[in-house]
$ cat my_file-v6.json   # JSON, C-alpha atoms and all ligand atoms
[["chain", "number", "residue", "atom", "x", "y", "z"],
["A", 519, "MET", "CA", 61.78, 21.98, 34.34],
["A", 520, "THR", "CA", 59.05, 19.65, 35.42],
["A", 521, "LEU", "CA", 60.69, 19.20, 38.80],
["A", 522, "LEU", "CA", 60.95, 22.95, 39.30],
["A", 523, "ARG", "CA", 57.29, 23.38, 38.50],
["A", 524, "GLU", "CA", 56.40, 20.68, 40.98],
["A", 525, "ALA", "CA", 58.48, 22.33, 43.68],
["A", 526, "PRO", "CA", 55.72, 24.39, 45.31],
["A", 527, "ARG", "CA", 53.75, 21.23, 45.94],
["A", 528, "LEU", "CA", 56.69, 19.25, 47.22],
["A", 529, "VAL", "CA", 57.87, 21.98, 49.58],
["A", 530, "GLN", "CA", 54.46, 23.19, 50.71],
["A", 531, "ALA", "CA", 52.14, 20.33, 51.53],
["A", 532, "GLN", "CA", 49.19, 22.62, 52.32],
["A", 533, "PRO", "CA", 47.26, 24.41, 49.55],
["A", 534, "LEU", "CA", 46.62, 28.11, 50.13],
["A", 535, "LEU", "CA", 43.26, 27.90, 48.36],
["A", 536, "ARG", "CA", 41.04, 24.86, 48.23],
["A", 537, "MET", "CA", 37.63, 24.59, 46.56],
["A", 538, "GLU", "CA", 35.78, 21.35, 46.90],
["A", 539, "ARG", "CA", 32.86, 19.89, 44.98],
["A", 540, "VAL", "CA", 31.36, 23.18, 43.87],
["A", 541, "HIS", "CA", 28.03, 23.11, 42.05],
["A", 542, "LYS", "CA", 26.27, 26.11, 40.52],
["A", 543, "ARG", "CA", 23.18, 26.36, 38.32],
["A", 544, "TYR", "CA", 21.61, 29.38, 36.71],
["A", 545, "GLY", "CA", 18.07, 28.20, 35.96],
["A", 546, "ASP", "CA", 18.51, 25.23, 33.64],
["A", 547, "VAL", "CA", 22.16, 25.98, 32.95],
["A", 548, "VAL", "CA", 24.67, 23.95, 34.97],
["A", 549, "ALA", "CA", 27.56, 26.44, 35.17],
["A", 550, "LEU", "CA", 29.69, 24.33, 37.54],
["A", 551, "GLU", "CA", 29.34, 20.63, 38.20],
["A", 552, "ASP", "CA", 31.34, 19.13, 41.05],
["A", 553, "VAL", "CA", 34.38, 21.34, 40.47],
["A", 554, "SER", "CA", 37.37, 21.07, 42.81],
["A", 555, "ALA", "CA", 40.58, 23.08, 42.60],
["A", 556, "GLU", "CA", 43.62, 23.71, 44.74],
["A", 557, "VAL", "CA", 46.25, 26.42, 44.52],
["A", 558, "TYR", "CA", 49.55, 26.19, 46.39],
["A", 559, "PRO", "CA", 51.37, 29.21, 47.83],
["A", 560, "GLY", "CA", 53.33, 31.08, 45.17],
["A", 561, "GLU", "CA", 52.03, 29.08, 42.24],
["A", 562, "VAL", "CA", 50.00, 30.18, 39.22],
["A", 563, "LEU", "CA", 46.96, 28.07, 38.40],
["A", 564, "GLY", "CA", 45.58, 28.47, 34.89],
["A", 565, "ILE", "CA", 41.95, 27.78, 34.01],
["A", 566, "VAL", "CA", 41.30, 27.22, 30.33],
["A", 567, "GLY", "CA", 38.23, 26.24, 28.32],
["A", 568, "GLU", "CA", 35.96, 27.51, 25.58],
["A", 569, "SER", "CA", 33.45, 30.30, 26.12],
["A", 570, "GLY", "CA", 30.63, 29.27, 28.45],
["A", 571, "SER", "CA", 32.60, 26.48, 30.15],
["A", 572, "GLY", "CA", 32.22, 28.04, 33.62],
["A", 573, "LYS", "CA", 35.60, 29.74, 34.07],
["A", 574, "SER", "CA", 34.29, 33.15, 35.14],
["A", 575, "THR", "CA", 31.68, 31.55, 37.40],
["A", 576, "LEU", "CA", 34.43, 29.63, 39.18],
["A", 577, "LEU", "CA", 36.49, 32.80, 39.60],
["A", 578, "ARG", "CA", 33.48, 34.69, 40.99],
["A", 579, "MET", "CA", 33.12, 31.94, 43.60],
["A", 580, "MET", "CA", 36.82, 32.26, 44.46],
["A", 581, "ASN", "CA", 36.26, 36.00, 44.85],
["A", 582, "LEU", "CA", 33.23, 35.33, 47.10],
["A", 583, "GLU", "CA", 31.10, 37.54, 44.84],
["A", 584, "ASP", "CA", 28.63, 34.79, 44.30],
["A", 585, "LEU", "CA", 27.74, 31.66, 46.29],
["A", 586, "PRO", "CA", 27.43, 28.14, 44.89],
["A", 587, "ASP", "CA", 24.49, 25.78, 45.39],
["A", 588, "ALA", "CA", 26.88, 23.34, 47.10],
["A", 589, "GLY", "CA", 30.57, 23.10, 47.87],
["A", 590, "HIS", "CA", 33.30, 24.24, 50.24],
["A", 591, "TYR", "CA", 35.97, 26.91, 50.05],
["A", 592, "ARG", "CA", 38.98, 27.34, 52.29],
["A", 593, "LEU", "CA", 41.85, 29.83, 52.36],
["A", 594, "ASP", "CA", 44.70, 28.68, 54.57],
["A", 595, "LEU", "CA", 45.41, 32.01, 56.29],
["A", 596, "PRO", "CA", 45.66, 32.88, 60.00],
["A", 597, "GLY", "CA", 42.32, 33.79, 61.54],
["A", 598, "VAL", "CA", 40.28, 32.91, 58.45],
["A", 599, "PRO", "CA", 37.28, 30.65, 59.13],
["A", 600, "GLU", "CA", 37.01, 27.10, 57.82],
["A", 601, "ASP", "CA", 34.37, 27.28, 55.04],
["A", 602, "LEU", "CA", 34.12, 30.71, 53.42],
["A", 603, "PHE", "CA", 30.84, 29.87, 51.69],
["A", 604, "THR", "CA", 29.13, 29.80, 55.10],
["A", 605, "LEU", "CA", 30.05, 33.44, 55.89],
["A", 606, "ASP", "CA", 27.51, 36.27, 55.72],
["A", 607, "GLY", "CA", 27.77, 39.01, 53.09],
["A", 608, "TYR", "CA", 29.65, 41.45, 55.32],
["A", 609, "ALA", "CA", 32.26, 38.87, 56.38],
["A", 610, "ARG", "CA", 32.71, 37.85, 52.75],
["A", 611, "ARG", "CA", 33.25, 41.48, 51.69],
["A", 612, "MET", "CA", 35.82, 42.04, 54.45],
["A", 613, "LEU", "CA", 37.65, 38.85, 53.58],
["A", 614, "ARG", "CA", 37.71, 39.90, 49.94],
["A", 615, "ALA", "CA", 38.92, 43.41, 50.82],
["A", 616, "HIS", "CA", 41.85, 42.09, 52.85],
["A", 617, "HIS", "CA", 42.94, 38.90, 51.15],
["A", 618, "ILE", "CA", 41.78, 38.70, 47.52],
["A", 619, "GLY", "CA", 42.53, 40.86, 44.47],
["A", 620, "ILE", "CA", 40.78, 40.55, 41.12],
["A", 621, "VAL", "CA", 41.26, 41.84, 37.58],
["A", 622, "TYR", "CA", 38.29, 41.47, 35.24],
["A", 623, "GLN", "CA", 38.35, 41.34, 31.46],
["A", 624, "ASN", "CA", 35.88, 44.22, 31.45],
["A", 625, "PRO", "CA", 37.37, 47.21, 33.32],
["A", 626, "HIS", "CA", 33.87, 48.54, 34.01],
["A", 627, "LEU", "CA", 33.40, 45.64, 36.45],
["A", 628, "GLY", "CA", 36.51, 46.57, 38.42],
["A", 629, "LEU", "CA", 36.80, 50.35, 38.17],
["A", 630, "LEU", "CA", 34.83, 53.55, 38.54],
["A", 631, "MET", "CA", 35.62, 54.79, 35.06],
["A", 632, "LYS", "CA", 35.18, 58.52, 35.77],
["A", 633, "ASN", "CA", 37.11, 58.69, 39.04],
["A", 634, "SER", "CA", 40.85, 59.28, 38.94],
["A", 635, "SER", "CA", 43.05, 56.22, 38.51],
["A", 636, "SER", "CA", 44.81, 56.86, 41.81],
["A", 637, "GLY", "CA", 41.40, 57.35, 43.44],
["A", 638, "ASN", "CA", 40.30, 53.93, 42.19],
["A", 639, "VAL", "CA", 43.29, 52.33, 43.91],
["A", 640, "ALA", "CA", 42.84, 54.44, 47.06],
["A", 641, "GLU", "CA", 39.19, 53.39, 47.28],
["A", 642, "ARG", "CA", 40.34, 49.83, 47.70],
["A", 643, "LEU", "CA", 42.53, 50.89, 50.65],
["A", 644, "LEU", "CA", 39.68, 52.91, 52.17],
["A", 645, "ILE", "CA", 37.42, 49.86, 52.15],
["A", 646, "ALA", "CA", 40.09, 48.01, 54.10],
["A", 647, "GLY", "CA", 40.11, 50.78, 56.73],
["A", 648, "GLU", "CA", 42.97, 53.12, 55.78],
["A", 649, "ARG", "CA", 41.98, 56.78, 56.37],
["A", 650, "ARG", "CA", 45.26, 58.76, 56.36],
["A", 651, "PHE", "CA", 45.42, 60.78, 53.17],
["A", 652, "ALA", "CA", 49.22, 60.69, 52.76],
["A", 653, "VAL", "CA", 49.28, 56.91, 53.25],
["A", 654, "LEU", "CA", 46.46, 56.43, 50.75],
["A", 655, "ARG", "CA", 48.26, 58.56, 48.18],
["A", 656, "ASP", "CA", 51.65, 56.83, 48.71],
["A", 657, "LYS", "CA", 50.25, 53.31, 48.63],
["A", 658, "ALA", "CA", 48.18, 54.04, 45.53],
["A", 659, "ARG", "CA", 51.28, 55.47, 43.84],
["A", 660, "ASP", "CA", 53.39, 52.43, 44.82],
["A", 661, "ALA", "CA", 50.78, 49.99, 43.49],
["A", 662, "LEU", "CA", 50.45, 51.91, 40.22],
["A", 663, "ALA", "CA", 54.25, 51.99, 39.84],
["A", 664, "ALA", "CA", 54.48, 48.24, 40.52],
["A", 665, "SER", "CA", 51.87, 47.74, 37.79],
["A", 666, "GLU", "CA", 54.02, 49.81, 35.42],
["A", 667, "PHE", "CA", 51.37, 52.46, 35.07],
["A", 668, "PRO", "CA", 52.78, 55.87, 33.96],
["A", 669, "LEU", "CA", 52.59, 57.97, 37.14],
["A", 670, "ASP", "CA", 52.12, 61.23, 35.24],
["A", 671, "ARG", "CA", 48.66, 59.85, 34.33],
["A", 672, "MET", "CA", 47.60, 58.81, 37.84],
["A", 673, "ASP", "CA", 45.02, 61.58, 38.11],
["A", 674, "ALA", "CA", 43.44, 60.68, 34.75],
["A", 675, "PRO", "CA", 40.17, 58.71, 34.92],
["A", 676, "PRO", "CA", 40.25, 55.23, 33.34],
["A", 677, "VAL", "CA", 37.68, 56.34, 30.76],
["A", 678, "GLU", "CA", 40.41, 58.50, 29.18],
["A", 679, "LEU", "CA", 43.00, 55.68, 29.12],
["A", 680, "SER", "CA", 43.79, 52.88, 26.67],
["A", 681, "GLY", "CA", 42.62, 49.32, 27.35],
["A", 682, "GLY", "CA", 46.09, 48.26, 28.46],
["A", 683, "MET", "CA", 46.36, 51.15, 30.92],
["A", 684, "GLN", "CA", 42.90, 50.40, 32.31],
["A", 685, "GLN", "CA", 44.07, 46.84, 33.05],
["A", 686, "ARG", "CA", 47.12, 48.26, 34.82],
["A", 687, "VAL", "CA", 44.84, 50.37, 37.05],
["A", 688, "GLN", "CA", 42.79, 47.27, 37.85],
["A", 689, "LEU", "CA", 46.00, 45.42, 38.63],
["A", 690, "ALA", "CA", 47.23, 48.21, 40.92],
["A", 691, "LYS", "CA", 43.91, 48.15, 42.76],
["A", 692, "ALA", "CA", 44.11, 44.37, 43.06],
["A", 693, "ILE", "CA", 47.65, 44.30, 44.50],
["A", 694, "ALA", "CA", 47.50, 47.48, 46.62],
["A", 695, "LEU", "CA", 46.85, 45.50, 49.79],
["A", 696, "GLU", "CA", 49.22, 42.65, 48.91],
["A", 697, "PRO", "CA", 46.46, 40.04, 48.65],
["A", 698, "ALA", "CA", 47.06, 36.39, 49.48],
["A", 699, "VAL", "CA", 45.66, 35.48, 46.08],
["A", 700, "LEU", "CA", 45.32, 37.42, 42.84],
["A", 701, "LEU", "CA", 42.48, 36.37, 40.51],
["A", 702, "LEU", "CA", 42.72, 37.31, 36.83],
["A", 703, "ASP", "CA", 39.74, 36.76, 34.51],
["A", 704, "GLU", "CA", 40.90, 37.07, 30.90],
["A", 705, "PRO", "CA", 43.07, 40.06, 31.90],
["A", 706, "THR", "CA", 44.49, 40.62, 28.40],
["A", 707, "THR", "CA", 41.62, 39.43, 26.20],
["A", 708, "GLY", "CA", 40.63, 42.09, 23.68],
["A", 709, "LEU", "CA", 43.94, 43.97, 23.91],
["A", 710, "ASP", "CA", 46.24, 44.36, 20.90],
["A", 711, "VAL", "CA", 48.75, 41.52, 20.77],
["A", 712, "SER", "CA", 51.70, 43.84, 21.53],
["A", 713, "VAL", "CA", 49.88, 45.42, 24.50],
["A", 714, "GLN", "CA", 48.83, 41.98, 25.71],
["A", 715, "ALA", "CA", 52.49, 40.88, 25.77],
["A", 716, "LEU", "CA", 53.47, 43.94, 27.84],
["A", 717, "VAL", "CA", 50.72, 43.36, 30.41],
["A", 718, "LEU", "CA", 51.66, 39.66, 30.66],
["A", 719, "ASP", "CA", 55.29, 40.72, 31.19],
["A", 720, "THR", "CA", 54.21, 42.89, 34.11],
["A", 721, "LEU", "CA", 52.23, 40.03, 35.62],
["A", 722, "LYS", "CA", 55.18, 37.68, 35.23],
["A", 723, "ARG", "CA", 57.54, 40.19, 36.82],
["A", 724, "LEU", "CA", 55.19, 40.66, 39.79],
["A", 725, "GLN", "CA", 54.89, 36.92, 40.17],
["A", 726, "ARG", "CA", 58.65, 36.46, 40.06],
["A", 727, "GLU", "CA", 59.44, 39.30, 42.46],
["A", 728, "ARG", "CA", 56.62, 38.86, 44.96],
["A", 729, "ARG", "CA", 55.70, 35.19, 44.54],
["A", 730, "ILE", "CA", 52.05, 36.23, 44.40],
["A", 731, "THR", "CA", 49.71, 33.26, 44.26],
["A", 732, "MET", "CA", 47.60, 33.66, 41.13],
["A", 733, "VAL", "CA", 44.65, 32.10, 39.38],
["A", 734, "ILE", "CA", 44.44, 33.13, 35.74],
["A", 735, "VAL", "CA", 41.47, 32.38, 33.49],
["A", 736, "SER", "CA", 41.85, 32.46, 29.73],
["A", 737, "HIS", "CA", 40.35, 30.84, 26.67],
["A", 738, "ASP", "CA", 43.81, 31.44, 25.12],
["A", 739, "LEU", "CA", 46.21, 28.55, 25.55],
["A", 740, "GLY", "CA", 49.15, 30.82, 24.78],
["A", 741, "VAL", "CA", 48.38, 33.00, 27.81],
["A", 742, "ILE", "CA", 48.05, 29.97, 30.08],
["A", 743, "ARG", "CA", 51.25, 28.45, 28.73],
["A", 744, "THR", "CA", 53.14, 31.70, 29.36],
["A", 745, "MET", "CA", 51.79, 32.33, 32.84],
["A", 746, "ALA", "CA", 50.73, 29.15, 34.60],
["A", 747, "ASP", "CA", 52.49, 26.32, 36.46],
["A", 748, "ARG", "CA", 49.46, 24.05, 36.55],
["A", 749, "VAL", "CA", 46.23, 24.13, 34.58],
["A", 750, "ILE", "CA", 42.70, 22.86, 34.82],
["A", 751, "VAL", "CA", 40.75, 22.41, 31.61],
["A", 752, "MET", "CA", 37.01, 23.05, 31.80],
["A", 753, "ARG", "CA", 34.16, 22.13, 29.52],
["A", 754, "ARG", "CA", 30.47, 22.68, 30.17],
["A", 755, "GLY", "CA", 31.01, 23.19, 33.88],
["A", 756, "LEU", "CA", 33.20, 20.14, 34.33],
["A", 757, "VAL", "CA", 36.92, 19.80, 34.90],
["A", 758, "VAL", "CA", 37.96, 17.47, 32.07],
["A", 759, "GLU", "CA", 41.71, 17.52, 32.75],
["A", 760, "ALA", "CA", 44.18, 18.89, 35.29],
["A", 761, "GLY", "CA", 47.94, 18.81, 35.60],
["A", 762, "LEU", "CA", 51.23, 20.57, 35.04],
["A", 763, "VAL", "CA", 51.07, 22.93, 32.05],
["A", 764, "ASP", "CA", 53.95, 21.23, 30.22],
["A", 765, "GLN", "CA", 52.37, 17.81, 30.62],
["A", 766, "VAL", "CA", 48.83, 18.81, 29.73],
["A", 767, "PHE", "CA", 49.83, 20.72, 26.61],
["A", 768, "GLN", "CA", 52.46, 18.24, 25.40],
["A", 769, "ASP", "CA", 50.49, 15.12, 26.13],
["A", 770, "PRO", "CA", 46.81, 15.97, 26.60],
["A", 771, "GLN", "CA", 44.73, 13.02, 27.81],
["A", 772, "ALA", "CA", 41.14, 14.18, 27.40],
["A", 773, "ALA", "CA", 39.79, 14.30, 23.84],
["A", 774, "TYR", "CA", 38.59, 17.84, 24.47],
["A", 775, "THR", "CA", 42.05, 19.04, 25.55],
["A", 776, "GLN", "CA", 43.58, 17.31, 22.52],
["A", 777, "ALA", "CA", 41.19, 19.22, 20.27],
["A", 778, "LEU", "CA", 41.97, 22.52, 22.04],
["A", 779, "VAL", "CA", 45.72, 21.99, 21.77],
["A", 780, "HIS", "CA", 45.61, 20.86, 18.15],
["A", 781, "ALA", "CA", 43.33, 23.72, 17.15],
["A", 782, "LYS", "CA", 46.05, 26.06, 18.40],
["A", 783, "LEU", "CA", 48.94, 24.46, 16.50],
["A", 801, "LIG", "N1", 24.53, 35.40, 36.12],
["A", 801, "LIG", "C1", 24.23, 34.43, 35.25],
["A", 801, "LIG", "N2", 22.94, 34.19, 34.93],
["A", 801, "LIG", "C2", 22.61, 33.20, 34.07],
["A", 801, "LIG", "N3", 23.49, 32.39, 33.48],
["A", 801, "LIG", "C3", 24.79, 32.58, 33.74],
["A", 801, "LIG", "C4", 25.23, 33.61, 34.63],
["A", 801, "LIG", "N4", 26.59, 33.55, 34.72],
["A", 801, "LIG", "C5", 26.97, 32.55, 33.91],
["A", 801, "LIG", "N5", 25.89, 31.97, 33.32],
["A", 801, "LIG", "C6", 25.94, 30.81, 32.40],
["A", 801, "LIG", "O1", 26.81, 29.85, 32.96],
["A", 801, "LIG", "C7", 27.64, 29.26, 31.96],
["A", 801, "LIG", "C8", 29.09, 29.50, 32.30],
["A", 801, "LIG", "O2", 29.38, 30.89, 32.14],
["A", 801, "LIG", "P1", 30.79, 31.53, 32.44],
["A", 801, "LIG", "O3", 31.24, 31.11, 33.78],
["A", 801, "LIG", "O4", 30.66, 32.99, 32.20],
["A", 801, "LIG", "O5", 31.71, 30.86, 31.32],
["A", 801, "LIG", "P2", 33.14, 31.29, 30.75],
["A", 801, "LIG", "O6", 33.71, 32.33, 31.65],
["A", 801, "LIG", "O7", 33.91, 30.02, 30.72],
["A", 801, "LIG", "O8", 32.89, 31.81, 29.36],
["A", 801, "LIG", "C9", 27.21, 29.87, 30.64],
["A", 801, "LIG", "O9", 26.26, 29.00, 30.05],
["A", 801, "LIG", "C10", 26.56, 31.17, 31.06],
["A", 801, "LIG", "O10", 25.60, 31.57, 30.12],
["A", 802, "MG", "MG", 34.36, 34.29, 31.21]]

$ encode --input "my_file-v6.json" --output "structure tokens" --more "lines below"
Ligand SMILES: Nc1ncnc2c1ncn2[C@@H]1O[C@H](COP(=O)(O)OP(=O)(O)O)[C@@H](O)[C@H]1O
Ligand SMILES: [Mg+2]
Amino acid sequence: MTLLREAPRLVQAQPLLRMERVHKRYGDVVALEDVSAEVYPGEVLGIVGESGSGKSTLLRMMNLEDLPDAGHYRLDLPGVPEDLFTLDGYARRMLRAHHIGIVYQNPHLGLLMKNSSSGNVAERLLIAGERRFAVLRDKARDALAASEFPLDRMDAPPVELSGGMQQRVQLAKAIALEPAVLLLDEPTTGLDVSVQALVLDTLKRLQRERRITMVIVSHDLGVIRTMADRVIVMRRGLVVEAGLVDQVFQDPQAAYTQALVHAKL
């Protein structure tokens, strides 16, 4: 098991995503302090930590929505410049449109709640330059189907859908362009436990079938354990522990991780 989980790193020496020494303050609050993270092609990196530990801030940096005070960010893709934090706003938006997908905990951050669900997915394709109506419609339908969204509801606006269905629309939008990396910020937090399990099943199936590289943030160890190959544990903007999920949860080294794991048992 452990060997299998290590396989991506052994086979692929080069990380797909590399963040180095990222610092971010909001006024007096240090949201990220010297955070580094790497994600290898096809692997799922989990980020866990209590509320306020900096998880969402780190994901916003990975999504190039926000810039750090210091640090470097590289995606190992053809034609992509060396340090993404040095790009201007337009270049960052284009890079995001073509290579990065994101699902937020709050669907209002990711969707236009009163537009149709298929329209929300199509909008993503429009931003990336697709203009042919039939192609937009087909690709939106394919992405919704892959996200296990009921296609007879594709014209319904998210505002009329359940929380689980709204997350499926966000997921369809995020994967419509087959991004190099899929970022998930507490994608199932707040959903009923049974709905949460179904959405996690969809994510696992997508990961298995498409080998999508993912970064998943959760304060819930169960979600990280189910989804991730490796994990970084954050506290107050610092990475306190990092390693393979099995190792970190079975034999946590940092006192903070030990407390997190034992609180869950
Ligand atoms: N836009 C912002 N303005 C001010 N403070 C922020 C902002 N975003 C995050 N913070 C602060 O940074 C810290 C980390 O927040 P966040 O990344 O949202 O944590 P998490 O996702 O782990 O709960 C918190 O103290 C939070 O209040
Ligand atoms: Mg958060």

$ closest_residue --input "my_file-v6.json" --among "A:Arg610, A:Arg536, A:Arg723, A:Arg578" --to "ligand LIG 801 (chain A)" --atoms "only C-alpha atoms and all ligand atoms"
A:Arg578

$ residues_near_ligand --input "my_file-v6.json" --ligand "ligand MG 802 (chain A)" --cutoff "7 Å" --atoms "all atoms listed in the file" --output "PyMOL selection string"
chain A and resi 569-570+573-574+703

$ atom_distance --input "my_file-v6.json" --atom1 "atom CA of A:Leu702" --atom2 "atom CA of A:Gln685"
10.3 Å

$ atom_distance --input "my_file-v6.json" --atom1 "atom CA of A:Leu701" --atom2 "atom CA of A:Val557"
11.4 Å

$ residues_around --input "my_file-v6.json" --residues "A:Met683" --least-positions-apart "5" --cutoff "12 Å" --atoms "all atoms listed in the file" --output "list in words"
Pro625, Ser635, Leu662, Ala663, Ser665, Glu666, Phe667, Pro668, Leu669, Arg671, Met672, Ala674, Pro675, Pro676, Val677, Glu678, Gln688, Leu689, Ala690, Pro705, Thr706, Leu709, Val713, Gln714, Leu716, Val717 and Thr720 of chain A

$ residues_near_ligand --input "my_file-v6.json" --ligand "ligand LIG 801 (chain A)" --cutoff "10 Å" --atoms "all atoms listed in the file" --output "PDB file with C-alpha atoms, keeping the file's coordinate frame"
ATOM      1  CA  LYS A 542      26.270  26.110  40.520  1.00  0.00           C
ATOM      2  CA  ARG A 543      23.180  26.360  38.320  1.00  0.00           C
ATOM      3  CA  TYR A 544      21.610  29.380  36.710  1.00  0.00           C
ATOM      4  CA  GLY A 545      18.070  28.200  35.960  1.00  0.00           C
ATOM      5  CA  ASP A 546      18.510  25.230  33.640  1.00  0.00           C
ATOM      6  CA  VAL A 547      22.160  25.980  32.950  1.00  0.00           C
ATOM      7  CA  VAL A 548      24.670  23.950  34.970  1.00  0.00           C
ATOM      8  CA  ALA A 549      27.560  26.440  35.170  1.00  0.00           C
ATOM      9  CA  LEU A 550      29.690  24.330  37.540  1.00  0.00           C
ATOM     10  CA  ILE A 565      41.950  27.780  34.010  1.00  0.00           C
ATOM     11  CA  VAL A 566      41.300  27.220  30.330  1.00  0.00           C
ATOM     12  CA  GLY A 567      38.230  26.240  28.320  1.00  0.00           C
ATOM     13  CA  GLU A 568      35.960  27.510  25.580  1.00  0.00           C
ATOM     14  CA  SER A 569      33.450  30.300  26.120  1.00  0.00           C
ATOM     15  CA  GLY A 570      30.630  29.270  28.450  1.00  0.00           C
ATOM     16  CA  SER A 571      32.600  26.480  30.150  1.00  0.00           C
ATOM     17  CA  GLY A 572      32.220  28.040  33.620  1.00  0.00           C
ATOM     18  CA  LYS A 573      35.600  29.740  34.070  1.00  0.00           C
ATOM     19  CA  SER A 574      34.290  33.150  35.140  1.00  0.00           C
ATOM     20  CA  THR A 575      31.680  31.550  37.400  1.00  0.00           C
ATOM     21  CA  LEU A 576      34.430  29.630  39.180  1.00  0.00           C
ATOM     22  CA  LEU A 577      36.490  32.800  39.600  1.00  0.00           C
ATOM     23  CA  ARG A 578      33.480  34.690  40.990  1.00  0.00           C
ATOM     24  CA  ASP A 584      28.630  34.790  44.300  1.00  0.00           C
ATOM     25  CA  ASP A 703      39.740  36.760  34.510  1.00  0.00           C
ATOM     26  CA  GLU A 704      40.900  37.070  30.900  1.00  0.00           C
ATOM     27  CA  VAL A 735      41.470  32.380  33.490  1.00  0.00           C
ATOM     28  CA  SER A 736      41.850  32.460  29.730  1.00  0.00           C
ATOM     29  CA  HIS A 737      40.350  30.840  26.670  1.00  0.00           C
ATOM     30  CA  MET A 752      37.010  23.050  31.800  1.00  0.00           C
ATOM     31  CA  ARG A 753      34.160  22.130  29.520  1.00  0.00           C
ATOM     32  CA  ARG A 754      30.470  22.680  30.170  1.00  0.00           C
ATOM     33  CA  GLY A 755      31.010  23.190  33.880  1.00  0.00           C
TER      34      GLY A 755
END

$ atom_distance --input "my_file-v6.json" --atom1 "atom CA of A:Pro586" --atom2 "atom CA of A:Asp738"
25.9 Å

$ closest_residue --input "my_file-v6.json" --among "A:Ala531, A:Val639, A:Val763, A:Ala588" --to "A:Ser554" --atoms "only C-alpha atoms"
A:Ala588

$ build_atoms --input "my_file-v6.json" --residues "stretch 579-593 of chain A" --atoms "N, CA and C atoms" --output "compact mmCIF listing (two decimals), keeping the file's coordinate frame"
# COMPACT_ATOMS: atom_id res chain seq x y z
N MET A 579 33.23 32.69 42.33
CA MET A 579 33.12 31.94 43.60
C MET A 579 34.41 32.13 44.42
N MET A 580 35.55 32.07 43.74
CA MET A 580 36.82 32.26 44.46
C MET A 580 36.91 33.66 45.03
N ASN A 581 36.27 34.62 44.38
CA ASN A 581 36.26 36.00 44.85
C ASN A 581 35.12 36.27 45.83
N LEU A 582 34.36 35.24 46.16
CA LEU A 582 33.23 35.33 47.10
C LEU A 582 32.20 36.39 46.68
N GLU A 583 32.11 36.62 45.36
CA GLU A 583 31.10 37.54 44.84
C GLU A 583 29.76 36.87 44.74
N ASP A 584 29.82 35.57 44.57
CA ASP A 584 28.63 34.79 44.30
C ASP A 584 28.78 33.50 45.10
N LEU A 585 27.67 32.91 45.52
CA LEU A 585 27.74 31.66 46.29
C LEU A 585 27.27 30.49 45.44
N PRO A 586 27.86 29.32 45.65
CA PRO A 586 27.43 28.14 44.89
C PRO A 586 26.18 27.51 45.52
N ASP A 587 25.61 26.55 44.84
CA ASP A 587 24.49 25.78 45.39
C ASP A 587 25.02 24.75 46.39
N ALA A 588 26.24 24.29 46.17
CA ALA A 588 26.88 23.34 47.10
C ALA A 588 28.38 23.47 46.93
N GLY A 589 29.11 23.09 47.97
CA GLY A 589 30.57 23.10 47.87
C GLY A 589 31.21 23.78 49.06
N HIS A 590 32.52 23.68 49.12
CA HIS A 590 33.30 24.24 50.24
C HIS A 590 34.48 25.04 49.70
N TYR A 591 34.88 26.03 50.48
CA TYR A 591 35.97 26.91 50.05
C TYR A 591 36.80 27.28 51.27
N ARG A 592 38.09 27.05 51.17
CA ARG A 592 38.98 27.34 52.29
C ARG A 592 40.19 28.12 51.80
N LEU A 593 40.57 29.15 52.57
CA LEU A 593 41.85 29.83 52.36
C LEU A 593 42.68 29.58 53.60
